[in-house]
Every structure is written in structure tokens, then in C-alpha cells.
file protein_11.pdb (PDB, C-alpha atoms)
ATOM      1  CA  MET A   1       7.953 -17.285 -12.482
ATOM      2  CA  LYS A   2       9.189 -15.558  -9.327
ATOM      3  CA  ILE A   3       6.977 -12.691  -8.246
ATOM      4  CA  LEU A   4       7.532 -10.271  -5.365
ATOM      5  CA  VAL A   5       4.802  -8.060  -3.926
ATOM      6  CA  CYS A   6       5.627  -4.996  -1.830
ATOM      7  CA  ILE A   7       3.050  -4.519   0.921
ATOM      8  CA  LYS A   8       2.633  -2.078   3.781
ATOM      9  CA  GLN A   9       0.800  -1.836   7.079
ATOM     10  CA  VAL A  10      -1.120   1.446   7.351
ATOM     11  CA  PRO A  11      -3.217   3.027  10.138
ATOM     12  CA  ASP A  12      -6.763   1.668  10.391
ATOM     13  CA  SER A  13      -8.086   4.977  11.697
ATOM     14  CA  ASN A  14      -7.595   8.693  11.226
ATOM     15  CA  LYS A  15      -7.061   8.983  14.991
ATOM     16  CA  VAL A  16      -3.307   8.481  14.843
ATOM     17  CA  GLU A  17      -0.779  10.069  17.178
ATOM     18  CA  VAL A  18       2.045  12.138  15.717
ATOM     19  CA  ASP A  19       5.517  12.427  17.194
ATOM     20  CA  PRO A  20       5.827  16.139  18.073
ATOM     21  CA  VAL A  21       9.612  16.089  17.565
ATOM     22  CA  THR A  22      10.051  14.166  14.309
ATOM     23  CA  GLY A  23       6.621  14.887  12.836
ATOM     24  CA  VAL A  24       6.088  11.239  11.826
ATOM     25  CA  LEU A  25       3.239   8.891  12.666
ATOM     26  CA  LYS A  26       3.501   6.747  15.794
ATOM     27  CA  ARG A  27       2.873   3.309  14.322
ATOM     28  CA  ASP A  28       3.815   1.109  17.289
ATOM     29  CA  GLY A  29       0.671  -0.250  18.912
ATOM     30  CA  ALA A  30      -1.718   1.682  16.649
ATOM     31  CA  ALA A  31      -4.679  -0.098  15.051
ATOM     32  CA  SER A  32      -3.472  -1.093  11.588
ATOM     33  CA  LYS A  33      -4.425  -2.944   8.433
ATOM     34  CA  MET A  34      -2.897  -3.850   5.092
ATOM     35  CA  ASN A  35      -2.763  -0.984   2.626
ATOM     36  CA  PRO A  36      -5.903  -1.544   0.474
ATOM     37  CA  TYR A  37      -4.082  -1.022  -2.827
ATOM     38  CA  ASP A  38      -1.639  -3.805  -1.904
ATOM     39  CA  LEU A  39      -4.504  -6.300  -1.839
ATOM     40  CA  TYR A  40      -4.934  -5.721  -5.573
ATOM     41  CA  ALA A  41      -1.211  -6.298  -6.112
ATOM     42  CA  ILE A  42      -1.355  -9.592  -4.189
ATOM     43  CA  GLU A  43      -4.392 -10.721  -6.162
ATOM     44  CA  THR A  44      -2.620  -9.881  -9.421
ATOM     45  CA  ALA A  45       0.421 -11.902  -8.349
ATOM     46  CA  LEU A  46      -1.670 -14.910  -7.346
ATOM     47  CA  ARG A  47      -3.586 -14.907 -10.636
ATOM     48  CA  ILE A  48      -0.356 -14.810 -12.598
ATOM     49  CA  LYS A  49       0.992 -17.661 -10.461
ATOM     50  CA  GLU A  50      -2.135 -19.704 -11.178
ATOM     51  CA  LYS A  51      -1.485 -19.308 -14.910
ATOM     52  CA  THR A  52       2.281 -19.695 -15.054
ATOM     53  CA  GLY A  53       3.267 -21.457 -11.838
ATOM     54  CA  GLY A  54       6.125 -20.277  -9.648
ATOM     55  CA  LEU A  55       6.307 -18.458  -6.326
ATOM     56  CA  VAL A  56       4.791 -15.334  -4.812
ATOM     57  CA  ASP A  57       6.867 -13.649  -2.100
ATOM     58  CA  VAL A  58       5.980 -10.510  -0.152
ATOM     59  CA  ILE A  59       8.161  -7.857   1.446
ATOM     60  CA  SER A  60       7.247  -5.145   3.919
ATOM     61  CA  MET A  61       9.022  -2.494   5.953
ATOM     62  CA  GLY A  62       7.911  -1.466   9.406
ATOM     63  CA  PRO A  63       7.860  -2.290  13.127
ATOM     64  CA  PRO A  64       7.508  -5.919  14.298
ATOM     65  CA  GLN A  65       3.710  -5.625  14.281
ATOM     66  CA  ALA A  66       3.877  -5.344  10.467
ATOM     67  CA  MET A  67       4.283  -9.127  10.451
ATOM     68  CA  GLN A  68       0.486  -9.206  10.633
ATOM     69  CA  VAL A  69       0.106  -8.051   7.029
ATOM     70  CA  ILE A  70       2.642 -10.664   5.894
ATOM     71  CA  LYS A  71       0.597 -13.336   7.689
ATOM     72  CA  GLU A  72      -2.507 -11.982   5.960
ATOM     73  CA  ALA A  73      -0.706 -12.360   2.622
ATOM     74  CA  PHE A  74       0.092 -15.985   3.578
ATOM     75  CA  SER A  75      -3.607 -16.608   4.196
ATOM     76  CA  MET A  76      -4.340 -15.306   0.695
ATOM     77  CA  GLY A  77      -1.772 -17.603  -0.925
ATOM     78  CA  ALA A  78       1.681 -15.974  -0.740
ATOM     79  CA  ASP A  79       4.577 -18.397  -0.281
ATOM     80  CA  HIS A  80       7.295 -16.483   1.610
ATOM     81  CA  GLY A  81       7.583 -13.213   3.474
ATOM     82  CA  THR A  82      10.328 -10.809   4.524
ATOM     83  CA  LEU A  83      10.082  -7.902   6.959
ATOM     84  CA  LEU A  84      12.588  -5.050   6.988
ATOM     85  CA  SER A  85      12.495  -3.896  10.581
ATOM     86  CA  ASP A  86      15.008  -1.668  12.315
ATOM     87  CA  ARG A  87      14.584   1.543  14.310
ATOM     88  CA  ARG A  88      17.203   3.060  12.036
ATOM     89  CA  PHE A  89      14.685   2.704   9.165
ATOM     90  CA  GLY A  90      12.113   4.818  11.034
ATOM     91  CA  GLY A  91      10.921   8.200   9.804
ATOM     92  CA  ALA A  92      11.879   7.512   6.183
ATOM     93  CA  ASP A  93      10.420   9.627   3.394
ATOM     94  CA  VAL A  94       9.594   8.080   0.005
ATOM     95  CA  LEU A  95      13.218   8.191  -1.161
ATOM     96  CA  ALA A  96      14.661   6.497   1.915
ATOM     97  CA  THR A  97      11.768   4.024   1.975
ATOM     98  CA  SER A  98      12.278   3.011  -1.641
ATOM     99  CA  TYR A  99      16.037   2.711  -1.097
ATOM    100  CA  THR A 100      15.563   0.480   1.944
ATOM    101  CA  LEU A 101      13.103  -1.750   0.111
ATOM    102  CA  ALA A 102      15.437  -1.976  -2.877
ATOM    103  CA  GLN A 103      18.309  -3.013  -0.613
ATOM    104  CA  GLY A 104      16.100  -5.630   1.005
ATOM    105  CA  ILE A 105      15.006  -6.974  -2.370
ATOM    106  CA  LYS A 106      18.644  -7.374  -3.385
ATOM    107  CA  GLU A 107      19.177  -9.553  -0.312
ATOM    108  CA  MET A 108      16.171 -11.711  -1.240
ATOM    109  CA  GLY A 109      17.376 -12.549  -4.740
ATOM    110  CA  GLU A 110      16.233 -11.933  -8.299
ATOM    111  CA  TYR A 111      12.599 -11.731  -9.402
ATOM    112  CA  ASP A 112      10.901 -11.767 -12.781
ATOM    113  CA  LEU A 113       8.173  -9.405 -11.666
ATOM    114  CA  ILE A 114       7.790  -6.979  -8.753
ATOM    115  CA  LEU A 115       4.295  -5.703  -7.975
ATOM    116  CA  CYS A 116       3.224  -2.757  -5.836
ATOM    117  CA  GLY A 117      -0.077  -1.110  -5.083
ATOM    118  CA  LYS A 118      -0.563   2.177  -6.897
ATOM    119  CA  GLN A 119      -0.138   4.121  -3.642
ATOM    120  CA  THR A 120      -0.629   3.919   0.113
ATOM    121  CA  THR A 121      -3.518   5.409   2.048
ATOM    122  CA  ASP A 122      -1.238   7.005   4.644
ATOM    123  CA  GLY A 123       1.068   8.776   2.194
ATOM    124  CA  ASP A 124      -0.736   8.904  -1.174
ATOM    125  CA  THR A 125       2.453   9.856  -3.014
ATOM    126  CA  ALA A 126       2.435   6.932  -5.515
ATOM    127  CA  GLN A 127       6.221   7.364  -5.731
ATOM    128  CA  VAL A 128       7.713   4.411  -3.842
ATOM    129  CA  GLY A 129       7.057   1.772  -6.526
ATOM    130  CA  PRO A 130       8.681   3.659  -9.424
ATOM    131  CA  GLU A 131      11.583   4.708  -7.161
ATOM    132  CA  ILE A 132      12.251   1.066  -6.208
ATOM    133  CA  ALA A 133      12.472   0.327  -9.929
ATOM    134  CA  GLU A 134      14.993   3.136 -10.365
ATOM    135  CA  TRP A 135      17.202   1.824  -7.542
ATOM    136  CA  LEU A 136      17.071  -1.676  -9.079
ATOM    137  CA  ASN A 137      17.528  -0.368 -12.634
ATOM    138  CA  LEU A 138      14.298  -1.998 -13.809
ATOM    139  CA  PRO A 139      11.650  -0.802 -16.279
ATOM    140  CA  SER A 140       8.400   0.137 -14.547
ATOM    141  CA  VAL A 141       4.835   1.065 -15.387
ATOM    142  CA  SER A 142       2.227   2.553 -13.031
ATOM    143  CA  ASN A 143      -1.575   2.834 -12.910
ATOM    144  CA  ILE A 144      -2.055  -0.667 -14.315
ATOM    145  CA  VAL A 145      -5.739  -1.557 -14.703
ATOM    146  CA  ARG A 146      -5.530  -4.618 -16.955
ATOM    147  CA  ILE A 147      -3.156  -7.388 -17.973
ATOM    148  CA  ARG A 148      -3.627  -8.087 -21.644
ATOM    149  CA  LYS A 149      -1.036 -10.760 -22.290
ATOM    150  CA  LEU A 150       1.616 -12.797 -20.497
ATOM    151  CA  GLU A 151       4.577 -14.046 -22.489
ATOM    152  CA  GLU A 152       7.894 -15.659 -21.607
ATOM    153  CA  ASP A 153       9.838 -12.459 -22.131
ATOM    154  CA  GLY A 154       7.369  -9.844 -20.903
ATOM    155  CA  ILE A 155       3.908  -8.643 -20.041
ATOM    156  CA  THR A 156       1.448  -6.408 -21.919
ATOM    157  CA  VAL A 157      -0.669  -4.084 -19.759
ATOM    158  CA  ASP A 158      -3.139  -1.213 -19.870
ATOM    159  CA  MET A 159      -2.138   2.024 -18.128
ATOM    160  CA  ASP A 160      -4.934   4.320 -16.969
ATOM    161  CA  LEU A 161      -3.750   7.821 -17.870
ATOM    162  CA  PRO A 162      -5.695  11.055 -17.232
ATOM    163  CA  ASP A 163      -7.054  11.338 -20.796
ATOM    164  CA  GLU A 164      -6.614   7.863 -22.246
ATOM    165  CA  VAL A 165      -5.704   4.237 -21.633
ATOM    166  CA  GLU A 166      -2.293   3.370 -23.030
ATOM    167  CA  VAL A 167      -1.114  -0.153 -23.876
ATOM    168  CA  ALA A 168       2.505  -1.073 -23.176
ATOM    169  CA  LYS A 169       4.612  -4.213 -23.266
ATOM    170  CA  VAL A 170       7.311  -4.430 -20.614
ATOM    171  CA  LYS A 171      10.120  -6.970 -20.663
ATOM    172  CA  PHE A 172      10.976  -9.053 -17.606
ATOM    173  CA  PRO A 173      12.327  -8.330 -15.073
ATOM    174  CA  CYS A 174      10.153  -5.291 -14.390
ATOM    175  CA  LEU A 175       8.036  -3.532 -11.766
ATOM    176  CA  LEU A 176       4.332  -2.766 -12.070
ATOM    177  CA  ALA A 177       2.227  -0.547  -9.790
ATOM    178  CA  VAL A 178      -1.387  -1.702 -10.061
ATOM    179  CA  ASP A 179      -4.596   0.260  -9.590
ATOM    180  CA  LYS A 180      -7.734  -0.897  -7.773
ATOM    181  CA  ASP A 181      -9.681  -1.725 -10.945
ATOM    182  CA  ILE A 182      -7.405  -4.552 -12.062
ATOM    183  CA  PHE A 183      -8.983  -7.443 -10.072
ATOM    184  CA  GLN A 184     -11.264  -8.056  -7.129
ATOM    185  CA  PRO A 185      -9.031  -9.236  -4.243
ATOM    186  CA  ARG A 186      -9.886 -12.621  -2.749
ATOM    187  CA  LEU A 187     -10.648 -12.954   0.926
ATOM    188  CA  PRO A 188      -8.062 -14.511   3.240
ATOM    189  CA  SER A 189      -8.589 -18.249   3.683
ATOM    190  CA  TYR A 190      -9.093 -19.551   7.208
ATOM    191  CA  VAL A 191      -7.687 -22.921   6.126
ATOM    192  CA  LYS A 192      -4.546 -21.264   4.725
ATOM    193  CA  LYS A 193      -4.284 -19.175   7.880
ATOM    194  CA  LEU A 194      -4.155 -22.330  10.003
ATOM    195  CA  LYS A 195      -1.676 -24.039   7.675
ATOM    196  CA  THR A 196       0.685 -21.059   7.622
ATOM    197  CA  LYS A 197       0.386 -19.860  11.242
ATOM    198  CA  ASP A 198       3.865 -21.204  12.044
ATOM    199  CA  ARG A 199       5.487 -20.221   8.741
ATOM    200  CA  LYS A 200       8.729 -18.389   9.340
ATOM    201  CA  ILE A 201       9.017 -14.745   8.325
ATOM    202  CA  GLN A 202      12.506 -13.557   7.454
ATOM    203  CA  VAL A 203      13.487 -10.367   9.295
ATOM    204  CA  LEU A 204      16.255  -8.162   7.905
ATOM    205  CA  THR A 205      17.859  -5.224   9.697
ATOM    206  CA  LEU A 206      20.373  -2.621   8.597
ATOM    207  CA  ASP A 207      23.157  -5.013   9.575
ATOM    208  CA  ASP A 208      21.931  -7.464   6.904
ATOM    209  CA  MET A 209      22.197  -4.942   4.066
ATOM    210  CA  LYS A 210      25.194  -4.588   1.801
ATOM    211  CA  ASP A 211      25.016  -0.833   2.320
ATOM    212  CA  LYS A 212      25.297  -0.373   6.081
ATOM    213  CA  ASP A 213      25.669   3.415   6.017
ATOM    214  CA  GLU A 214      23.021   4.745   8.430
ATOM    215  CA  MET A 215      22.994   8.066   6.587
ATOM    216  CA  ASN A 216      21.148   6.400   3.682
ATOM    217  CA  TYR A 217      18.207   5.164   5.781
ATOM    218  CA  GLY A 218      15.373   6.516   7.905
ATOM    219  CA  LEU A 219      15.354  10.187   8.840
ATOM    220  CA  ASN A 220      19.065  10.481   8.027
ATOM    221  CA  GLY A 221      18.488   9.366   4.442
ATOM    222  CA  SER A 222      15.393  11.501   3.885
ATOM    223  CA  PRO A 223      15.993  14.717   1.914
ATOM    224  CA  THR A 224      12.419  15.837   2.623
ATOM    225  CA  GLN A 225      11.457  16.615   6.208
ATOM    226  CA  VAL A 226       7.940  17.040   7.539
ATOM    227  CA  GLN A 227       7.513  20.491   9.072
ATOM    228  CA  LYS A 228       4.056  19.889  10.481
ATOM    229  CA  ILE A 229       1.623  17.004  10.421
ATOM    230  CA  PHE A 230      -1.684  16.583  12.191
ATOM    231  CA  PRO A 231      -4.640  14.206  11.948
ATOM    232  CA  PRO A 232      -7.845  15.576  10.408
ATOM    233  CA  GLU A 233     -10.479  16.856  12.782
ATOM    234  CA  THR A 234     -13.234  14.397  13.528
ATOM    235  CA  ASN A 235     -16.806  15.246  14.340
ATOM    236  CA  ASP A 236     -18.259  12.580  16.590
ATOM    237  CA  LYS A 237     -21.213  14.705  17.649
ATOM    238  CA  LYS A 238     -24.649  13.673  16.458
ATOM    239  CA  GLU A 239     -27.248  16.233  15.535
ATOM    240  CA  VAL A 240     -30.052  16.319  18.078
ATOM    241  CA  TRP A 241     -33.461  17.548  16.933
ATOM    242  CA  ASP A 242     -35.149  19.347  19.800
ATOM    243  CA  GLU A 243     -38.196  20.326  17.759
ATOM    244  CA  SER A 244     -41.069  18.218  16.512
ATOM    245  CA  GLY A 245     -41.434  17.180  12.898
ATOM    246  CA  GLU A 246     -44.454  19.450  12.479
ATOM    247  CA  VAL A 247     -42.486  22.493  13.627
ATOM    248  CA  LEU A 248     -39.577  21.705  11.294
ATOM    249  CA  ALA A 249     -41.968  21.103   8.390
ATOM    250  CA  LYS A 250     -43.658  24.449   9.060
ATOM    251  CA  LYS A 251     -40.274  26.244   9.063
ATOM    252  CA  LEU A 252     -39.352  24.577   5.775
ATOM    253  CA  TYR A 253     -42.677  25.545   4.199
ATOM    254  CA  ASP A 254     -42.330  29.154   5.377
ATOM    255  CA  LYS A 255     -38.833  29.349   3.899
ATOM    256  CA  MET A 256     -39.980  27.930   0.562
ATOM    257  CA  GLU A 257     -42.862  30.386   0.532
ATOM    258  CA  GLU A 258     -40.444  33.232   1.265
ATOM    259  CA  LEU A 259     -38.348  32.163  -1.728
ATOM    260  CA  LYS A 260     -41.517  31.871  -3.820
ATOM    261  CA  PHE A 261     -41.084  28.138  -4.388
ATOM    262  CA  VAL A 262     -44.703  27.572  -3.383
TER     263      VAL A 262
END
call {"tool": "encode", "arguments": {"input": "protein_11.pdb", "output": "C-alpha cells"}}
result
Amino acid sequence: MKILVCIKQVPDSNKVEVDPVTGVLKRDGAASKMNPYDLYAIETALRIKEKTGGLVDVISMGPPQAMQVIKEAFSMGADHGTLLSDRRFGGADVLATSYTLAQGIKEMGEYDLILCGKQTTDGDTAQVGPEIAEWLNLPSVSNIVRIRKLEEDGITVDMDLPDEVEVAKVKFPCLLAVDKDIFQPRLPSYVKKLKTKDRKIQVLTLDDMKDKDEMNYGLNGSPTQVQKIFPPETNDKKEVWDESGEVLAKKLYDKMEELKFV
């Protein structure tokens, strides 16, 4: 079975700079990590591979530094990796992002199963996975919390819906967006990290896509535009008690007595 996992590098801190002109996050050089939900997707792919055999590939879109999350996937057990990296992809909303990923997947070949994390921690839209499936004309299911059965022609899964858990069988090829309760992700292996440190990562740019129209990518291909974005306020100040414990205890007792609690 050929499995592809879509992964993303996200900010590792809420102290992220924002481009004042475009309103998008400045990702170059910022402290980053793999999107936590994607770890569950990788674990799901590796467990299926252990049962059925085959290959697990990963794909990501981002600046050159996003290669780090592909290398992390290698150290977990992924076989091949592809990075979609081009400044013309920058500033993409969910529609342009999903279109770019779908175009990249077409260049990589055909897969029996495509896995995504339920959502990303920097966007939280949970839309990219299902939109990739639409561009590729594949059936898709989201919020997957359990794999019930694997068969030659499809997979049976549990979907965690707001009021119930629904069971569905999806025929291959298909796309699944998995939730964090599906499996416990394994830790990266130091041995695998050493063995794969020189493994080549395929890099694709806009010039490698069949559709080379710049108006379909990045900011140009994004029908939604961010009007204003700002990081949340952080409070790094620590409370300093300038009164003794006895004084504070007396104030608390007086207040409780005032409220007739004592």
C-alpha cells in the first residue's frame, strides 16, 4: 500500500512576527515544530504500513526550513519526502494551500491512502485536508478516532461527530483527516535519524507543476484576505507578594467573616 501523509511546520511559540503589509506570519527563521496533529497522522500511516507493507511518503509546503519536519518524519519511519517551496506559494489561504498541495501530490504519483492531521495549530480551520480531496476528486472523511478494519478495497473508520460516533467504510483511494485520539505517536528514533540524515528530499517549485499560472497560488490564488492579525498578548510578569503570610491570612479571614462564612 502507498500512503502519503501531509505535514506542516508551525510556529513553536505565540511570539511570532506578522508582516504588516500582507498580514501573514513571518515563518522564515522563526522557532518551529511539526504540527502536533500531523504526528498522529504519521503514526497512523506507520501502523498501517506495519500491517500491510508498502511505503509511507510525506509532503509539506513551506520555506526551506520546513525540511526539518520532513527529516523528523524520516526519523519516525517515513520512507520519502517532498517539499513544495517557492516564494510564489507564500501567503496562501486554505484554498490556495490545498490547491498547491494537490498539484504537488499529482506530481508525486498515485496513492492508495492520503492522511492529514485534523487541523493545524496555527490556522485551526480543519479545511485543508477535505479541500485536497476535492481537488483530487477523492472521497474523504474527517475527525477519525479509530480504524476498525483494513481491507483490500477500503478502510472502515470511526468518525467523532458532535453528538455521536459514526462508522463509515471508504473505498481506496481516499483521504482521511485523523484526530488526536486515534493513536499515541511514537518518538523519533535516534538510530533512524542517523541512517536517514543524508536522505534526499525532493523539492518542487511552481515551475514543476502542470498548472504554472501564478494566479492560482499564494496570495494571488487566495480569495480570502487577512485584514488584521496579531499575536495574543503575553503576561510574563510574576506576581510578587510584598506582605507576609500572616497578613494575607488575616485579610482572608476578615473577608470571610464579612461575608458571614465564619
call {"tool": "closest_atom_pairs", "arguments": {"input": "protein_11.pdb", "of": "segment 84-200 of chain A", "to": "segment 66-70 of chain A", "cutoff": "12 Å", "atoms": "all atoms listed in the file", "output": "Markdown table"}}
result
| residue | atom | partner | partner_atom | distance |
| --- | --- | --- | --- | --- |
| A:Leu84 | CA | A:Ala66 | CA | 9.4 |
| A:Ser85 | CA | A:Ala66 | CA | 8.7 |
| A:Asp86 | CA | A:Ala66 | CA | 11.9 |
| A:Pro188 | CA | A:Val69 | CA | 11.1 |
| A:Lys193 | CA | A:Ile70 | CA | 11.2 |
| A:Thr196 | CA | A:Ile70 | CA | 10.7 |
| A:Lys197 | CA | A:Gln68 | CA | 10.7 |
| A:Arg199 | CA | A:Ile70 | CA | 10.4 |
| A:Lys200 | CA | A:Met67 | CA | 10.3 |
call {"tool": "residues_around", "arguments": {"input": "protein_11.pdb", "residues": "segment 206-217 of chain A", "least_positions_apart": "6", "cutoff": "10 Å", "atoms": "only C-alpha atoms", "output": "list in words"}}
result
Leu84, Ser85, Asp86, Arg87, Arg88, Phe89, Gly90, Gly91, Ala92, Asp93, Leu95, Ala96, Thr97, Ser98, Tyr99, Thr100, Gln103, Gly104, Ile105, Lys106, Glu107 and Pro223 of chain A
call {"tool": "resolve_selection", "arguments": {"input": "protein_11.pdb", "expression": "the PyMOL selection byres ((chain A and resi 166-168) around 6)", "output": "PyMOL selection string"}}
result
chain A and resi 156-159+165+169
call {"tool": "closest_residue", "arguments": {"input": "protein_11.pdb", "among": "A:Ile48, A:Ile7, A:Met76, A:Val247", "to": "Gly62 of chain A", "atoms": "only C-alpha atoms"}}
result
A:Ile7
call {"tool": "atom_distance", "arguments": {"input": "protein_11.pdb", "atom1": "atom CA of Val226 of chain A", "atom2": "atom CA of Gln119 of chain A"}}
result
18.9 Å
call {"tool": "closest_residue", "arguments": {"input": "protein_11.pdb", "among": "A:Leu55, A:Leu101, A:Ala45, A:Met108", "to": "Gln202 of chain A", "atoms": "all atoms listed in the file"}}
result
A:Met108
call {"tool": "resolve_selection", "arguments": {"input": "protein_11.pdb", "expression": "the PyMOL selection byres ((chain A and resi 130-138) around 8)", "output": "VMD selection string"}}
result
chain A and resid 95 98 to 99 101 to 102 127 to 129 139 to 142 173 to 175 177
call {"tool": "residues_around", "arguments": {"input": "protein_11.pdb", "residues": "Gly77 of chain A", "least_positions_apart": "2", "cutoff": "12 Å", "atoms": "all atoms listed in the file", "output": "MDAnalysis selection string"}}
result
chainID A and resid 5 39 42:47 49:50 55:58 70:75 79:81 185:193 195:196
call {"tool": "atom_distance", "arguments": {"input": "protein_11.pdb", "atom1": "atom CA of Gly154 of chain A", "atom2": "atom CA of Leu113 of chain A"}}
result
9.3 Å
call {"tool": "resolve_selection", "arguments": {"input": "protein_11.pdb", "expression": "the PyMOL selection byres ((chain A and resi 12) around 7)", "output": "tab-separated table (two decimals) with C-alpha atoms, in the frame of the given file"}}
result
chain	number	residue	atom	x	y	z
A	10	VAL	CA	-1.12	1.45	7.35
A	11	PRO	CA	-3.22	3.03	10.14
A	13	SER	CA	-8.09	4.98	11.70
A	31	ALA	CA	-4.68	-0.10	15.05
A	32	SER	CA	-3.47	-1.09	11.59
A	33	LYS	CA	-4.42	-2.94	8.43
call {"tool": "atom_distance", "arguments": {"input": "protein_11.pdb", "atom1": "atom CA of Thr82 of chain A", "atom2": "atom CA of Ser60 of chain A"}}
result
6.5 Å
call {"tool": "closest_residue", "arguments": {"input": "protein_11.pdb", "among": "A:Ile3, A:Leu248, A:Val170, A:Met34", "to": "Thr120 of chain A", "atoms": "all atoms listed in the file"}}
result
A:Met34
call {"tool": "axis_aligned_box", "arguments": {"input": "protein_11.pdb", "around": "segment 109-125 of chain A", "padding_each_side": "6 Å", "output": "AutoDock Vina command-line options"}}
result
--center_x 6.9 --center_y -1.3 --center_z -4.1 --size_x 32.9 --size_y 34.4 --size_z 29.4
call {"tool": "residues_around", "arguments": {"input": "protein_11.pdb", "residues": "segment 143-145 of chain A", "least_positions_apart": "5", "cutoff": "9 Å", "atoms": "all atoms listed in the file", "output": "list of chain:residue names"}}
result
A:Gly117, A:Lys118, A:Val157, A:Asp158, A:Met159, A:Asp160, A:Leu161, A:Leu176, A:Ala177, A:Val178, A:Asp179, A:Lys180, A:Asp181, A:Ile182, A:Phe183
call {"tool": "closest_residue", "arguments": {"input": "protein_11.pdb", "among": "A:Asp163, A:Gly123, A:Lys251, A:Gln184", "to": "Gln9 of chain A", "atoms": "all atoms listed in the file"}}
result
A:Gly123
call {"tool": "closest_residue", "arguments": {"input": "protein_11.pdb", "among": "A:Pro64, A:Pro36, A:Gly218, A:Gly109", "to": "Thr121 of chain A", "atoms": "all atoms listed in the file"}}
result
A:Pro36
call {"tool": "closest_residue", "arguments": {"input": "protein_11.pdb", "among": "A:Tyr37, A:Ile201, A:Pro63, A:Thr52", "to": "Glu151 of chain A", "atoms": "all atoms listed in the file"}}
result
A:Thr52
call {"tool": "build_atoms", "arguments": {"input": "protein_11.pdb", "residues": "segment 131-138 of chain A", "atoms": "all heavy atoms", "output": "PDB file, in the frame of the given file"}}
result
ATOM      1  N   GLU A 131      10.243   4.439  -7.688  1.00  0.00           N
ATOM      2  CA  GLU A 131      11.583   4.708  -7.161  1.00  0.00           C
ATOM      3  C   GLU A 131      12.331   3.404  -6.863  1.00  0.00           C
ATOM      4  O   GLU A 131      13.547   3.325  -7.056  1.00  0.00           O
ATOM      5  CB  GLU A 131      11.490   5.583  -5.913  1.00  0.00           C
ATOM      6  CG  GLU A 131      11.118   7.023  -6.232  1.00  0.00           C
ATOM      7  CD  GLU A 131      11.098   7.911  -5.006  1.00  0.00           C
ATOM      8  OE1 GLU A 131      11.407   7.433  -3.904  1.00  0.00           O
ATOM      9  OE2 GLU A 131      10.769   9.111  -5.151  1.00  0.00           O
ATOM     10  N   ILE A 132      11.612   2.381  -6.393  1.00  0.00           N
ATOM     11  CA  ILE A 132      12.251   1.066  -6.208  1.00  0.00           C
ATOM     12  C   ILE A 132      12.818   0.589  -7.535  1.00  0.00           C
ATOM     13  O   ILE A 132      13.947   0.092  -7.614  1.00  0.00           O
ATOM     14  CB  ILE A 132      11.239   0.038  -5.658  1.00  0.00           C
ATOM     15  CG1 ILE A 132      10.843   0.374  -4.226  1.00  0.00           C
ATOM     16  CG2 ILE A 132      11.821  -1.379  -5.716  1.00  0.00           C
ATOM     17  CD1 ILE A 132       9.732  -0.507  -3.683  1.00  0.00           C
ATOM     18  N   ALA A 133      12.023   0.746  -8.600  1.00  0.00           N
ATOM     19  CA  ALA A 133      12.472   0.327  -9.929  1.00  0.00           C
ATOM     20  C   ALA A 133      13.730   1.078 -10.347  1.00  0.00           C
ATOM     21  O   ALA A 133      14.646   0.491 -10.964  1.00  0.00           O
ATOM     22  CB  ALA A 133      11.356   0.550 -10.949  1.00  0.00           C
ATOM     23  N   GLU A 134      13.803   2.357 -10.018  1.00  0.00           N
ATOM     24  CA  GLU A 134      14.993   3.136 -10.365  1.00  0.00           C
ATOM     25  C   GLU A 134      16.224   2.622  -9.619  1.00  0.00           C
ATOM     26  O   GLU A 134      17.292   2.464 -10.205  1.00  0.00           O
ATOM     27  CB  GLU A 134      14.762   4.621 -10.029  1.00  0.00           C
ATOM     28  CG  GLU A 134      13.820   5.327 -10.982  1.00  0.00           C
ATOM     29  CD  GLU A 134      14.371   5.405 -12.385  1.00  0.00           C
ATOM     30  OE1 GLU A 134      15.560   5.761 -12.549  1.00  0.00           O
ATOM     31  OE2 GLU A 134      13.626   5.079 -13.320  1.00  0.00           O
ATOM     32  N   TRP A 135      16.073   2.340  -8.317  1.00  0.00           N
ATOM     33  CA  TRP A 135      17.202   1.824  -7.542  1.00  0.00           C
ATOM     34  C   TRP A 135      17.666   0.465  -8.078  1.00  0.00           C
ATOM     35  O   TRP A 135      18.866   0.157  -8.046  1.00  0.00           O
ATOM     36  CB  TRP A 135      16.821   1.681  -6.071  1.00  0.00           C
ATOM     37  CG  TRP A 135      16.604   2.949  -5.319  1.00  0.00           C
ATOM     38  CD1 TRP A 135      15.450   3.365  -4.722  1.00  0.00           C
ATOM     39  CD2 TRP A 135      17.562   3.994  -5.065  1.00  0.00           C
ATOM     40  NE1 TRP A 135      15.618   4.579  -4.119  1.00  0.00           N
ATOM     41  CE2 TRP A 135      16.911   5.002  -4.307  1.00  0.00           C
ATOM     42  CE3 TRP A 135      18.905   4.167  -5.401  1.00  0.00           C
ATOM     43  CZ2 TRP A 135      17.559   6.151  -3.880  1.00  0.00           C
ATOM     44  CZ3 TRP A 135      19.549   5.328  -4.970  1.00  0.00           C
ATOM     45  CH2 TRP A 135      18.880   6.300  -4.232  1.00  0.00           C
ATOM     46  N   LEU A 136      16.727  -0.338  -8.578  1.00  0.00           N
ATOM     47  CA  LEU A 136      17.071  -1.676  -9.079  1.00  0.00           C
ATOM     48  C   LEU A 136      17.375  -1.684 -10.575  1.00  0.00           C
ATOM     49  O   LEU A 136      17.658  -2.735 -11.146  1.00  0.00           O
ATOM     50  CB  LEU A 136      15.916  -2.649  -8.791  1.00  0.00           C
ATOM     51  CG  LEU A 136      15.591  -2.885  -7.301  1.00  0.00           C
ATOM     52  CD1 LEU A 136      14.371  -3.793  -7.171  1.00  0.00           C
ATOM     53  CD2 LEU A 136      16.792  -3.484  -6.573  1.00  0.00           C
ATOM     54  N   ASN A 137      17.268  -0.504 -11.195  1.00  0.00           N
ATOM     55  CA  ASN A 137      17.528  -0.368 -12.634  1.00  0.00           C
ATOM     56  C   ASN A 137      16.597  -1.269 -13.451  1.00  0.00           C
ATOM     57  O   ASN A 137      17.022  -1.988 -14.358  1.00  0.00           O
ATOM     58  CB  ASN A 137      18.997  -0.698 -12.954  1.00  0.00           C
ATOM     59  CG  ASN A 137      19.406  -0.221 -14.347  1.00  0.00           C
ATOM     60  OD1 ASN A 137      18.859   0.754 -14.864  1.00  0.00           O
ATOM     61  ND2 ASN A 137      20.358  -0.915 -14.960  1.00  0.00           N
ATOM     62  N   LEU A 138      15.303  -1.195 -13.120  1.00  0.00           N
ATOM     63  CA  LEU A 138      14.298  -1.998 -13.809  1.00  0.00           C
ATOM     64  C   LEU A 138      13.307  -1.097 -14.535  1.00  0.00           C
ATOM     65  O   LEU A 138      13.007   0.011 -14.065  1.00  0.00           O
ATOM     66  CB  LEU A 138      13.514  -2.863 -12.808  1.00  0.00           C
ATOM     67  CG  LEU A 138      14.272  -3.937 -12.034  1.00  0.00           C
ATOM     68  CD1 LEU A 138      13.325  -4.603 -11.038  1.00  0.00           C
ATOM     69  CD2 LEU A 138      14.860  -4.971 -12.983  1.00  0.00           C
TER      70      LEU A 138
END
